[in-house]
Structures are given as C-alpha cells and as structure tokens.
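Undergrad: Enclosed is the structure file query.pdb (PDB, C-alpha atoms).
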ATOM      1  CA  MET A   1      59.689  95.850  74.494
ATOM      2  CA  ILE A   2      57.801  97.756  77.193
ATOM      3  CA  ASN A   3      56.900 101.337  76.366
ATOM      4  CA  TYR A   4      57.744 102.945  79.713
ATOM      5  CA  PRO A   5      56.557 106.482  80.522
ATOM      6  CA  PRO A   6      59.380 109.063  80.659
ATOM      7  CA  SER A   7      59.806 109.066  84.444
ATOM      8  CA  ILE A   8      60.319 105.279  84.535
ATOM      9  CA  VAL A   9      62.797 105.472  81.641
ATOM     10  CA  GLU A  10      64.804 107.912  83.732
ATOM     11  CA  PHE A  11      64.296 105.790  86.875
ATOM     12  CA  LYS A  12      65.690 102.778  85.045
ATOM     13  CA  ARG A  13      68.837 104.776  84.296
ATOM     14  CA  TYR A  14      68.952 105.954  87.899
ATOM     15  CA  VAL A  15      68.892 102.467  89.443
ATOM     16  CA  GLN A  16      71.689 101.387  87.111
ATOM     17  CA  LEU A  17      73.880 103.940  88.892
ATOM     18  CA  ARG A  18      73.006 102.585  92.322
ATOM     19  CA  ASP A  19      74.866  99.839  94.135
ATOM     20  CA  TYR A  20      71.914  97.448  93.971
ATOM     21  CA  ARG A  21      72.055  93.833  92.905
ATOM     22  CA  PRO A  22      70.799  93.184  89.335
ATOM     23  CA  PRO A  23      67.566  91.461  90.518
ATOM     24  CA  THR A  24      66.845  94.430  92.805
ATOM     25  CA  LYS A  25      67.340  96.914  89.962
ATOM     26  CA  LYS A  26      64.955  94.946  87.786
ATOM     27  CA  GLU A  27      62.350  94.662  90.544
ATOM     28  CA  TYR A  28      62.475  98.369  91.407
ATOM     29  CA  VAL A  29      61.645  99.273  87.807
ATOM     30  CA  ARG A  30      58.931  96.615  87.709
ATOM     31  CA  GLN A  31      57.277  98.036  90.830
ATOM     32  CA  ALA A  32      57.204 101.539  89.350
ATOM     33  CA  TRP A  33      55.712 100.105  86.151
ATOM     34  CA  LYS A  34      53.020  98.258  88.124
ATOM     35  CA  LEU A  35      52.034 101.540  89.756
ATOM     36  CA  ALA A  36      51.856 103.216  86.337
ATOM     37  CA  GLN A  37      49.648 100.412  85.024
ATOM     38  CA  HIS A  38      47.358 100.628  88.050
ATOM     39  CA  PHE A  39      46.599 104.319  87.482
ATOM     40  CA  GLN A  40      47.160 104.246  83.709
ATOM     41  CA  CYS A  41      49.456 107.253  83.788
ATOM     42  CA  ASP A  42      53.020 108.375  84.298
ATOM     43  CA  PRO A  43      53.575 107.781  88.062
ATOM     44  CA  ALA A  44      55.471 111.081  88.270
ATOM     45  CA  THR A  45      52.076 112.813  88.012
ATOM     46  CA  LEU A  46      50.600 111.075  91.079
ATOM     47  CA  VAL A  47      50.104 112.709  94.464
ATOM     48  CA  GLU A  48      50.831 111.178  97.851
ATOM     49  CA  ASN A  49      47.248 110.141  98.556
ATOM     50  CA  GLN A  50      47.147 108.098  95.337
ATOM     51  CA  VAL A  51      50.283 106.201  96.346
ATOM     52  CA  ARG A  52      48.691 105.618  99.741
ATOM     53  CA  GLN A  53      45.571 104.230  98.003
ATOM     54  CA  TYR A  54      47.791 101.952  95.928
ATOM     55  CA  TYR A  55      49.397 100.457  99.025
ATOM     56  CA  LEU A  56      45.942  99.857 100.506
ATOM     57  CA  PHE A  57      44.972  98.144  97.246
ATOM     58  CA  LEU A  58      47.996  95.843  97.438
ATOM     59  CA  ARG A  59      47.352  94.972 101.067
ATOM     60  CA  GLU A  60      43.559  94.751 101.273
ATOM     61  CA  GLU A  61      42.468  93.698  97.777
ATOM     62  CA  GLN A  62      45.493  91.948  96.353
ATOM     63  CA  ARG A  63      46.437  90.492  99.760
ATOM     64  CA  SER A  64      50.076  90.850  98.810
ATOM     65  CA  SER A  65      52.685  88.991 100.847
ATOM     66  CA  PRO A  66      54.911  90.866 103.320
ATOM     67  CA  SER A  67      57.914  90.428 101.020
ATOM     68  CA  LEU A  68      56.039  91.975  98.089
ATOM     69  CA  MET A  69      54.780  94.837 100.267
ATOM     70  CA  LYS A  70      58.334  95.546 101.423
ATOM     71  CA  MET A  71      59.586  95.569  97.853
ATOM     72  CA  ALA A  72      56.787  97.935  96.778
ATOM     73  CA  LYS A  73      57.596 100.200  99.718
ATOM     74  CA  TRP A  74      61.323 100.508  99.075
ATOM     75  CA  ALA A  75      61.041 100.625  95.283
ATOM     76  CA  LEU A  76      58.479 103.442  95.266
ATOM     77  CA  LYS A  77      60.296 105.284  98.025
ATOM     78  CA  ALA A  78      63.405 105.221  95.821
ATOM     79  CA  PHE A  79      61.321 106.341  92.825
ATOM     80  CA  TYR A  80      59.753 109.337  94.560
ATOM     81  CA  THR A  81      62.159 110.509  97.247
ATOM     82  CA  GLU A  82      65.511 109.620  95.637
ATOM     83  CA  HIS A  83      64.800 109.829  91.912
ATOM     84  CA  LEU A  84      62.082 112.522  91.716
ATOM     85  CA  LYS A  85      63.299 114.292  94.905
ATOM     86  CA  VAL A  86      59.759 114.532  96.331
ATOM     87  CA  THR A  87      59.712 115.909  99.886
ATOM     88  CA  GLY A  88      57.156 116.016 102.667
ATOM     89  CA  TRP A  89      55.499 112.654 101.973
ATOM     90  CA  GLY A  90      54.800 110.552 105.073
ATOM     91  CA  VAL A  91      53.330 107.515 103.311
ATOM     92  CA  PHE A  92      56.591 105.569 103.249
ATOM     93  CA  ASP A  93      57.084 105.998 107.004
ATOM     94  CA  ASP A  94      53.418 105.219 107.668
ATOM     95  CA  LEU A  95      53.527 101.910 105.794
ATOM     96  CA  ARG A  96      54.517  99.168 108.233
ATOM     97  CA  VAL A  97      55.231  95.671 107.018
ATOM     98  CA  ALA A  98      55.632  92.966 109.672
ATOM     99  CA  GLU A  99      57.357  89.802 108.533
ATOM    100  CA  PRO A 100      55.669  86.651 109.881
ATOM    101  CA  LYS A 101      57.878  84.737 112.306
ATOM    102  CA  THR A 102      57.743  81.339 110.657
ATOM    103  CA  VAL A 103      59.870  78.367 111.646
ATOM    104  CA  PRO A 104      61.898  77.154 108.637
ATOM    105  CA  MET A 105      61.585  73.611 107.376
ATOM    106  CA  VAL A 106      64.439  71.242 108.164
ATOM    107  CA  MET A 107      65.217  67.815 106.772
ATOM    108  CA  SER A 108      66.514  65.016 108.933
ATOM    109  CA  ARG A 109      70.053  63.808 108.275
ATOM    110  CA  GLU A 110      68.670  60.667 106.661
ATOM    111  CA  GLU A 111      66.435  62.733 104.374
ATOM    112  CA  VAL A 112      69.361  64.937 103.320
ATOM    113  CA  GLN A 113      71.449  61.909 102.384
ATOM    114  CA  ARG A 114      68.525  60.329 100.540
ATOM    115  CA  LEU A 115      67.982  63.485  98.521
ATOM    116  CA  LEU A 116      71.660  63.956  97.680
ATOM    117  CA  ALA A 117      71.899  60.323  96.596
ATOM    118  CA  ALA A 118      69.044  60.895  94.126
ATOM    119  CA  VAL A 119      71.071  63.460  92.114
ATOM    120  CA  ARG A 120      72.759  61.753  89.195
ATOM    121  CA  GLU A 121      74.557  64.549  87.303
ATOM    122  CA  GLU A 122      77.905  65.193  88.955
ATOM    123  CA  ARG A 123      77.995  69.000  88.809
ATOM    124  CA  PHE A 124      74.594  69.285  90.473
ATOM    125  CA  ALA A 125      75.361  66.565  93.018
ATOM    126  CA  ILE A 126      78.542  68.308  94.161
ATOM    127  CA  CYS A 127      76.879  71.736  94.164
ATOM    128  CA  LEU A 128      74.011  70.545  96.379
ATOM    129  CA  ARG A 129      76.398  68.675  98.667
ATOM    130  CA  LEU A 130      78.448  71.849  99.032
ATOM    131  CA  MET A 131      75.304  73.806  99.908
ATOM    132  CA  TYR A 132      74.490  71.378 102.710
ATOM    133  CA  TYR A 133      77.966  70.863 104.121
ATOM    134  CA  CYS A 134      78.785  74.586 104.085
ATOM    135  CA  GLY A 135      75.352  76.117 104.669
ATOM    136  CA  LEU A 136      75.407  78.091 101.425
ATOM    137  CA  ARG A 137      72.622  79.880  99.606
ATOM    138  CA  VAL A 138      72.154  78.599  96.056
ATOM    139  CA  GLY A 139      73.495  81.844  94.568
ATOM    140  CA  GLU A 140      76.612  81.628  96.726
ATOM    141  CA  ALA A 141      77.286  78.053  95.640
ATOM    142  CA  VAL A 142      76.943  78.536  91.877
ATOM    143  CA  SER A 143      79.033  81.735  91.886
ATOM    144  CA  LEU A 144      81.939  80.134  93.765
ATOM    145  CA  GLN A 145      85.259  80.897  92.097
ATOM    146  CA  VAL A 146      88.511  78.941  92.143
ATOM    147  CA  GLU A 147      90.261  81.700  94.104
ATOM    148  CA  HIS A 148      87.595  81.543  96.817
ATOM    149  CA  ILE A 149      88.729  78.117  97.990
ATOM    150  CA  CYS A 150      91.285  78.628 100.752
ATOM    151  CA  SER A 151      92.740  75.123 100.631
ATOM    152  CA  ARG A 152      96.067  76.052 102.243
ATOM    153  CA  GLN A 153      94.406  77.290 105.402
ATOM    154  CA  GLN A 154      94.249  74.901 108.330
ATOM    155  CA  PRO A 155      91.516  73.924 108.457
ATOM    156  CA  PRO A 156      90.513  74.736 104.854
ATOM    157  CA  CYS A 157      87.650  77.138 104.265
ATOM    158  CA  LEU A 158      85.566  78.922 101.643
ATOM    159  CA  HIS A 159      85.700  82.669 101.213
ATOM    160  CA  ILE A 160      82.124  83.691 100.435
ATOM    161  CA  VAL A 161      82.439  86.967  98.557
ATOM    162  CA  ASP A 162      79.639  89.516  98.289
ATOM    163  CA  GLY A 163      77.015  87.402 100.006
ATOM    164  CA  LYS A 164      73.618  88.642 101.112
ATOM    165  CA  GLY A 165      73.844  92.203 102.354
ATOM    166  CA  ARG A 166      77.109  92.673 100.400
ATOM    167  CA  LYS A 167      78.976  90.858 103.167
ATOM    168  CA  ASP A 168      81.972  88.531 102.947
ATOM    169  CA  ARG A 169      82.468  85.623 105.318
ATOM    170  CA  TYR A 170      84.543  82.482 105.777
ATOM    171  CA  VAL A 171      82.972  79.048 106.082
ATOM    172  CA  PRO A 172      84.819  75.912 107.241
ATOM    173  CA  LEU A 173      85.318  73.349 104.493
ATOM    174  CA  PHE A 174      85.456  69.672 105.427
ATOM    175  CA  PRO A 175      88.538  68.030 103.767
ATOM    176  CA  ALA A 176      86.406  65.377 102.052
ATOM    177  CA  ILE A 177      84.295  68.087 100.384
ATOM    178  CA  LEU A 178      87.466  69.933  99.396
ATOM    179  CA  GLN A 179      88.642  66.757  97.681
ATOM    180  CA  GLU A 180      85.327  66.453  95.829
ATOM    181  CA  LEU A 181      85.642  70.037  94.622
ATOM    182  CA  ARG A 182      89.197  69.407  93.434
ATOM    183  CA  GLN A 183      88.240  66.263  91.544
ATOM    184  CA  TRP A 184      85.293  68.025  89.909
ATOM    185  CA  TRP A 185      87.379  71.056  88.906
ATOM    186  CA  ARG A 186      90.014  68.808  87.305
ATOM    187  CA  THR A 187      87.339  67.516  84.909
ATOM    188  CA  HIS A 188      86.955  70.966  83.297
ATOM    189  CA  GLN A 189      89.733  73.254  84.696
ATOM    190  CA  ASN A 190      87.829  76.449  84.062
ATOM    191  CA  PRO A 191      90.158  79.301  85.121
ATOM    192  CA  THR A 192      87.447  81.136  87.055
ATOM    193  CA  TRP A 193      84.392  79.096  88.015
ATOM    194  CA  ILE A 194      83.998  75.945  90.071
ATOM    195  CA  PHE A 195      80.574  75.392  88.487
ATOM    196  CA  PRO A 196      80.804  76.883  84.984
ATOM    197  CA  CYS A 197      77.729  77.133  82.758
ATOM    198  CA  PRO A 198      78.259  75.356  79.420
ATOM    199  CA  PRO A 199      76.706  76.611  76.179
ATOM    200  CA  ALA A 200      73.260  75.218  75.347
ATOM    201  CA  GLY A 201      73.405  71.619  74.219
ATOM    202  CA  ARG A 202      76.994  71.054  75.348
ATOM    203  CA  CYS A 203      78.459  69.809  78.615
ATOM    204  CA  ASP A 204      81.843  68.431  77.551
ATOM    205  CA  ALA A 205      85.093  69.409  79.256
ATOM    206  CA  ALA A 206      86.114  71.840  76.506
ATOM    207  CA  ALA A 207      82.801  73.699  76.717
ATOM    208  CA  LEU A 208      83.017  73.922  80.513
ATOM    209  CA  ARG A 209      86.620  75.118  80.361
ATOM    210  CA  GLN A 210      85.706  77.977  78.019
ATOM    211  CA  ALA A 211      82.504  79.002  79.837
ATOM    212  CA  THR A 212      82.447  82.617  80.965
ATOM    213  CA  HIS A 213      79.454  82.441  83.321
ATOM    214  CA  PRO A 214      78.604  80.300  86.347
ATOM    215  CA  MET A 215      75.850  77.703  86.447
ATOM    216  CA  ARG A 216      72.346  79.151  86.698
ATOM    217  CA  THR A 217      70.529  79.057  90.034
ATOM    218  CA  GLU A 218      67.360  77.923  88.235
ATOM    219  CA  SER A 219      69.142  74.781  87.066
ATOM    220  CA  VAL A 220      70.103  73.871  90.627
ATOM    221  CA  GLN A 221      66.588  74.579  91.869
ATOM    222  CA  MET A 222      65.058  72.348  89.195
ATOM    223  CA  THR A 223      67.528  69.566  89.982
ATOM    224  CA  PHE A 224      66.651  69.825  93.670
ATOM    225  CA  GLN A 225      62.941  69.530  92.918
ATOM    226  CA  LEU A 226      63.447  66.427  90.765
ATOM    227  CA  ALA A 227      65.665  64.781  93.390
ATOM    228  CA  ARG A 228      63.201  65.704  96.115
ATOM    229  CA  ASP A 229      60.371  63.971  94.261
ATOM    230  CA  VAL A 230      62.468  60.875  93.592
ATOM    231  CA  ALA A 231      63.565  60.688  97.236
ATOM    232  CA  GLY A 232      60.031  61.217  98.545
ATOM    233  CA  ILE A 233      60.886  64.375 100.486
ATOM    234  CA  ASP A 234      58.263  66.916 101.572
ATOM    235  CA  SER A 235      57.306  69.036  98.551
ATOM    236  CA  ARG A 236      57.593  72.241 100.594
ATOM    237  CA  THR A 237      61.365  71.885 100.869
ATOM    238  CA  THR A 238      63.608  74.033  98.674
ATOM    239  CA  PRO A 239      67.359  74.275  98.115
ATOM    240  CA  HIS A 240      67.404  76.773 101.010
ATOM    241  CA  THR A 241      66.199  73.947 103.264
ATOM    242  CA  LEU A 242      69.709  72.493 102.983
ATOM    243  CA  ARG A 243      71.036  75.649 104.647
ATOM    244  CA  HIS A 244      68.470  75.409 107.441
ATOM    245  CA  SER A 245      69.334  71.728 107.901
ATOM    246  CA  TYR A 246      73.058  72.521 108.081
ATOM    247  CA  ALA A 247      72.486  75.028 110.874
ATOM    248  CA  THR A 248      70.190  72.729 112.822
ATOM    249  CA  HIS A 249      72.472  69.707 112.524
ATOM    250  CA  LEU A 250      75.506  71.739 113.638
ATOM    251  CA  LEU A 251      73.519  72.906 116.649
ATOM    252  CA  GLU A 252      72.673  69.287 117.438
ATOM    253  CA  GLU A 253      76.396  68.524 117.397
ATOM    254  CA  GLY A 254      77.035  71.141 120.051
ATOM    255  CA  ILE A 255      78.435  73.928 117.850
ATOM    256  CA  SER A 256      77.781  77.284 119.495
ATOM    257  CA  LEU A 257      75.077  79.587 118.217
ATOM    258  CA  ARG A 258      77.663  82.339 117.744
ATOM    259  CA  GLN A 259      79.810  80.148 115.498
ATOM    260  CA  ILE A 260      76.835  79.034 113.424
ATOM    261  CA  SER A 261      75.727  82.652 113.090
ATOM    262  CA  SER A 262      79.166  83.532 111.741
ATOM    263  CA  TYR A 263      79.130  80.653 109.249
ATOM    264  CA  LEU A 264      75.687  81.661 107.973
ATOM    265  CA  GLY A 265      76.561  85.343 107.731
ATOM    266  CA  HIS A 266      73.746  86.485 110.020
ATOM    267  CA  GLU A 267      73.909  90.030 111.370
ATOM    268  CA  SER A 268      72.222  89.103 114.634
ATOM    269  CA  LEU A 269      72.213  86.060 116.888
ATOM    270  CA  ASP A 270      68.441  86.500 117.064
ATOM    271  CA  THR A 271      68.219  85.380 113.427
ATOM    272  CA  THR A 272      70.203  82.231 114.147
ATOM    273  CA  ALA A 273      68.384  81.516 117.408
ATOM    274  CA  ILE A 274      65.326  80.274 115.514
ATOM    275  CA  TYR A 275      67.185  76.981 114.940
ATOM    276  CA  THR A 276      67.068  76.233 118.646
ATOM    277  CA  HIS A 277      63.366  75.466 118.146
ATOM    278  CA  LEU A 278      64.073  72.870 115.478
ATOM    279  CA  THR A 279      66.142  70.281 117.272
ATOM    280  CA  ALA A 280      65.001  67.674 119.750
ATOM    281  CA  VAL A 281      68.613  66.797 120.517
ATOM    282  CA  SER A 282      69.341  70.215 121.989
ATOM    283  CA  GLU A 283      66.260  69.862 124.175
ATOM    284  CA  ALA A 284      67.478  66.456 125.361
ATOM    285  CA  ARG A 285      70.864  67.930 126.226
ATOM    286  CA  THR A 286      69.163  70.692 128.174
ATOM    287  CA  GLN A 287      67.286  68.102 130.215
ATOM    288  CA  LEU A 288      70.511  66.206 130.876
ATOM    289  CA  ALA A 289      72.227  69.414 131.952
ATOM    290  CA  LEU A 290      69.358  70.261 134.292
ATOM    291  CA  GLN A 291      69.509  66.748 135.741
ATOM    292  CA  ASN A 292      73.212  67.210 136.460
ATOM    293  CA  LEU A 293      72.590  70.609 138.029
ATOM    294  CA  TYR A 294      69.733  69.412 140.163
ATOM    295  CA  GLN A 295      70.919  68.162 143.516
ATOM    296  CA  PRO A 296      68.182  67.517 146.068
ATOM    297  CA  SER A 297      68.942  69.355 149.258
ATOM    298  CA  LYS A 298      69.732  67.182 152.238
ATOM    299  CA  HIS A 299      67.585  67.623 155.321
TER     300      HIS A 299
END
Show me the file's structure as structure tokens.

TA:
Amino acid sequence: MINYPPSIVEFKRYVQLRDYRPPTKKEYVRQAWKLAQHFQCDPATLVENQVRQYYLFLREEQRSSPSLMKMAKWALKAFYTEHLKVTGWGVFDDLRVAEPKTVPMVMSREEVQRLLAAVREERFAICLRLMYYCGLRVGEAVSLQVEHICSRQQPPCLHIVDGKGRKDRYVPLFPAILQELRQWWRTHQNPTWIFPCPPAGRCDAAALRQATHPMRTESVQMTFQLARDVAGIDSRTTPHTLRHSYATHLLEEGISLRQISSYLGHESLDTTAIYTHLTAVSEARTQLALQNLYQPSKH
C-alpha cells in the first residue's frame, strides 16, 4: 500500500469523478506520485519552475518517449490546474511533444494466415481472427458483447461501443466470421460476453457461461507472441499489427480511404493515409492508371 501525500490522496478521488478510462485514472495518479518521489515532497508544495525542471529531467536525462512525455504533461496539468486550481502557470503550454511519424509494421497476407494457423486454443484463435478481419484493437475484441453483433443487418456488422476516444462505430462483418462467432458462442452461451473470462484453473462451458468479465487483453497479447514465434513472424509485430494489416490489405483491394477510415474509427483521413505508403499493389495500380491516362500527342 503506497503512502501517498495528502494532495495525491485527494487527486486520486478527483480523477475517479472524471470521465477518464480506468487505465488513464491509474496513470494520472502514478505520474503525480513520480513527481512527488522526484522531489521527495508533497507535489502541492512545488512551484512552477520546479515542475519545469522536472519536465527537463524527463526529456534530457531520462530520455522519456513522446508518449510518456504527453502523459506526464496532461496528468500534471490536471493535477495542478484542475485539481489544485493553480493559475498563471505557462509550463504546460510551453511543453511541446512531437510524436514521431513512424510507418506501422504490416504483415503480408501469407504471414497473417500462418500466424492465425499457429493458434491452437479456440477462443484465442477466433479472437485474433476477428481482430484481423474487422480491424479491431485488442481491447475492442475482448470486450465484444452479444448485443453488439448486428447479425440481422444486411450485410452484418459489429457495433463497436465506446472505442478509442469514447467513439462508437460500425464495422462490416464477413458472414463466415459471423458463423465462427456463433459457433463459438454456442459452446458457452454466456449472456453478455462473446469472449468471457473463466475463473482461474477452469475453462469448461459452465465456467464460461457464468463468467462476469471478458477475457483479459494480456492473455490475447501473450497468445499472439507465442503464435508469432511459432510461425516465424518478425518479433516487432504486436496484436495491433493485425489492425494495420487489415487496413493495408483493404486498400490493396481497392476499398476507399474514406471507408477504411470509418471502419478504423479514425477522426481524420490523414491518420488513415499512412497506409498508402505500405502497399506495393496500390503503387502498381497508380502506374496502370497513369499508363491509361497517358496518350502521346499526335504530330
């Protein structure tokens, strides 16, 4: 049990009132506690220049990643300006964190199939297949509920509820995957979850039917890593690579960038446009289109 200073105890209560996701609430408190440990005092007693020094420490000495710097920025801004009601500080506006524009990893179609074939346990195999064929994040897949499957729609689709950024979206569901989901659900018939989490040491139908929580994301991640090693896939790939591969392969099939953006739940087409750099097929089609457009002028 951590012995938090009084201001962090109150901050912990404050973030519980906010409409943050549970991991965000936990991380905000952790960032305030890290600041307290750095100066060995209650962070409520610090002045702006000390917080500025702390950010310089994270960036220049710790060489913290952009994602960590962003979390430290927003967590401490919430701590000081929202919780403690501090005014007149410019440090949070002064701190600029530029995310590196990296190109995501993508597996070939053959690699995806090889990896999926390496998963032996049915619940994980279907979950990972769903992630690829619907472009889902791992958290979206494991938290899928029975009522989120719109099987009567034509074509059928998934209703992704409360995705990243608190946004809902609809994703097309291929009939063969719908059938796999139905067959899997019939094995346990849990009233709520498609991928229920059984009690420790049990995975029988009765235990799955009575489960009150969905499968853990860590379990899916570990399964992916094991399958990746068995299939001989690049060790830098993660479950999120399935989502990147989905987008790239749809683009190769001629699906519009706007449609793919909608399926992925992106706010901007600019976010989705990065996949145009990942496919040789789209480049080949561009060359073919240019060839068709090019008509030498007659003299």

Undergrad: To one decimal place, how far is atom CA of Met71 of chain A from atom CA of Pro5 of chain A in Å?

TA: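 Atom-to-atom, atom CA of Met71 of chain A and atom CA of Pro5 of chain A are spaced 20.7 Å apart.
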
Undergrad: Compare A:Val171, A:Ile2, A:Cys197, A:Cys157 by their minimum atom-to-atom distance to Phe124 of chain A, counting all atoms listed in the file, and give me the closest one.

TA: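 Ranked by minimum distance to Phe124 of chain A, first place goes to A:Cys197.
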
Undergrad: Name the residues that the PyMOL selection byres ((chain A and resi 57-61) around 12) picks from the file above, as number ranges by chain, using the file's chain letters and numbers.

TA: A: 31, 34-35, 38-39, 50-56, 62-73, 95-97

Undergrad: For atom CA of Asp234 of chain A and atom CA of Gln113 of chain A, determine how far apart the two atoms are, in Å to one decimal place.

TA: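 Computing it gives 14.1 Å between the two atoms.
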
Undergrad: Just checking: using all atoms listed in the file, which residue out of A:Arg137, A:Arg114, A:Arg18, A:Lys85 ends up closest to Thr238 of chain A?

TA: A:Arg137

Undergrad: Can you tell me, as a ChimeraX atom specification, which residues sit within 12 Å of (86.6, 68.5, 95.0) in the file's frame, using all atoms listed in the file?

TA: /A:122-123,125-127,129-130,146,149,151,173-189,194-195

Undergrad: Between atom CA of Gln259 of chain A and atom CA of Glu147 of chain A, what is the distance, to one decimal in Å?

TA: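 For atom CA of Gln259 of chain A relative to atom CA of Glu147 of chain A, the distance reads 23.9 Å.
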
Undergrad: Do you know which residues are at most 12 Å from Pro104 of chain A counting only C-alpha atoms, after dropping those on the same chain fewer than 2 positions away, and could you put them as a list of chain:residue names?

TA: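 Near Pro104 of chain A, the qualifying residues are A:Pro100, A:Lys101, A:Thr102, A:Val106, A:Met107, A:Arg236, A:Thr237, A:Thr238, A:His240, A:Thr241, A:Leu242, A:Arg243, A:His244, A:Ser245, A:Ala247, A:Thr248, A:Thr271, A:Thr272, A:Ala273, A:Ile274, A:Tyr275, A:Thr276, A:His277, A:Leu278, A:Thr279.
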
Undergrad: Hey, can you spit out that residue selection with C-alpha atoms as a PDB file, keeping the file's coordinate frame?

TA:
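In the end it all went to part14.pdb:
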ATOM      1  CA  PRO A 100      55.669  86.651 109.881  1.00  0.00           C
ATOM      2  CA  LYS A 101      57.878  84.737 112.306  1.00  0.00           C
ATOM      3  CA  THR A 102      57.743  81.339 110.657  1.00  0.00           C
ATOM      4  CA  VAL A 106      64.439  71.242 108.164  1.00  0.00           C
ATOM      5  CA  MET A 107      65.217  67.815 106.772  1.00  0.00           C
ATOM      6  CA  ARG A 236      57.593  72.241 100.594  1.00  0.00           C
ATOM      7  CA  THR A 237      61.365  71.885 100.869  1.00  0.00           C
ATOM      8  CA  THR A 238      63.608  74.033  98.674  1.00  0.00           C
ATOM      9  CA  HIS A 240      67.404  76.773 101.010  1.00  0.00           C
ATOM     10  CA  THR A 241      66.199  73.947 103.264  1.00  0.00           C
ATOM     11  CA  LEU A 242      69.709  72.493 102.983  1.00  0.00           C
ATOM     12  CA  ARG A 243      71.036  75.649 104.647  1.00  0.00           C
ATOM     13  CA  HIS A 244      68.470  75.409 107.441  1.00  0.00           C
ATOM     14  CA  SER A 245      69.334  71.728 107.901  1.00  0.00           C
ATOM     15  CA  ALA A 247      72.486  75.028 110.874  1.00  0.00           C
ATOM     16  CA  THR A 248      70.190  72.729 112.822  1.00  0.00           C
ATOM     17  CA  THR A 271      68.219  85.380 113.427  1.00  0.00           C
ATOM     18  CA  THR A 272      70.203  82.231 114.147  1.00  0.00           C
ATOM     19  CA  ALA A 273      68.384  81.516 117.408  1.00  0.00           C
ATOM     20  CA  ILE A 274      65.326  80.274 115.514  1.00  0.00           C
ATOM     21  CA  TYR A 275      67.185  76.981 114.940  1.00  0.00           C
ATOM     22  CA  THR A 276      67.068  76.233 118.646  1.00  0.00           C
ATOM     23  CA  HIS A 277      63.366  75.466 118.146  1.00  0.00           C
ATOM     24  CA  LEU A 278      64.073  72.870 115.478  1.00  0.00           C
ATOM     25  CA  THR A 279      66.142  70.281 117.272  1.00  0.00           C
TER      26      THR A 279
END

Undergrad: Quick one: residues within 7 Å of His148 of chain A, all atoms listed in the file counted, chain neighbours fewer than 2 positions away excluded, as an MDAnalysis selection string?

TA: chainID A and resid 144:146 150 158:160
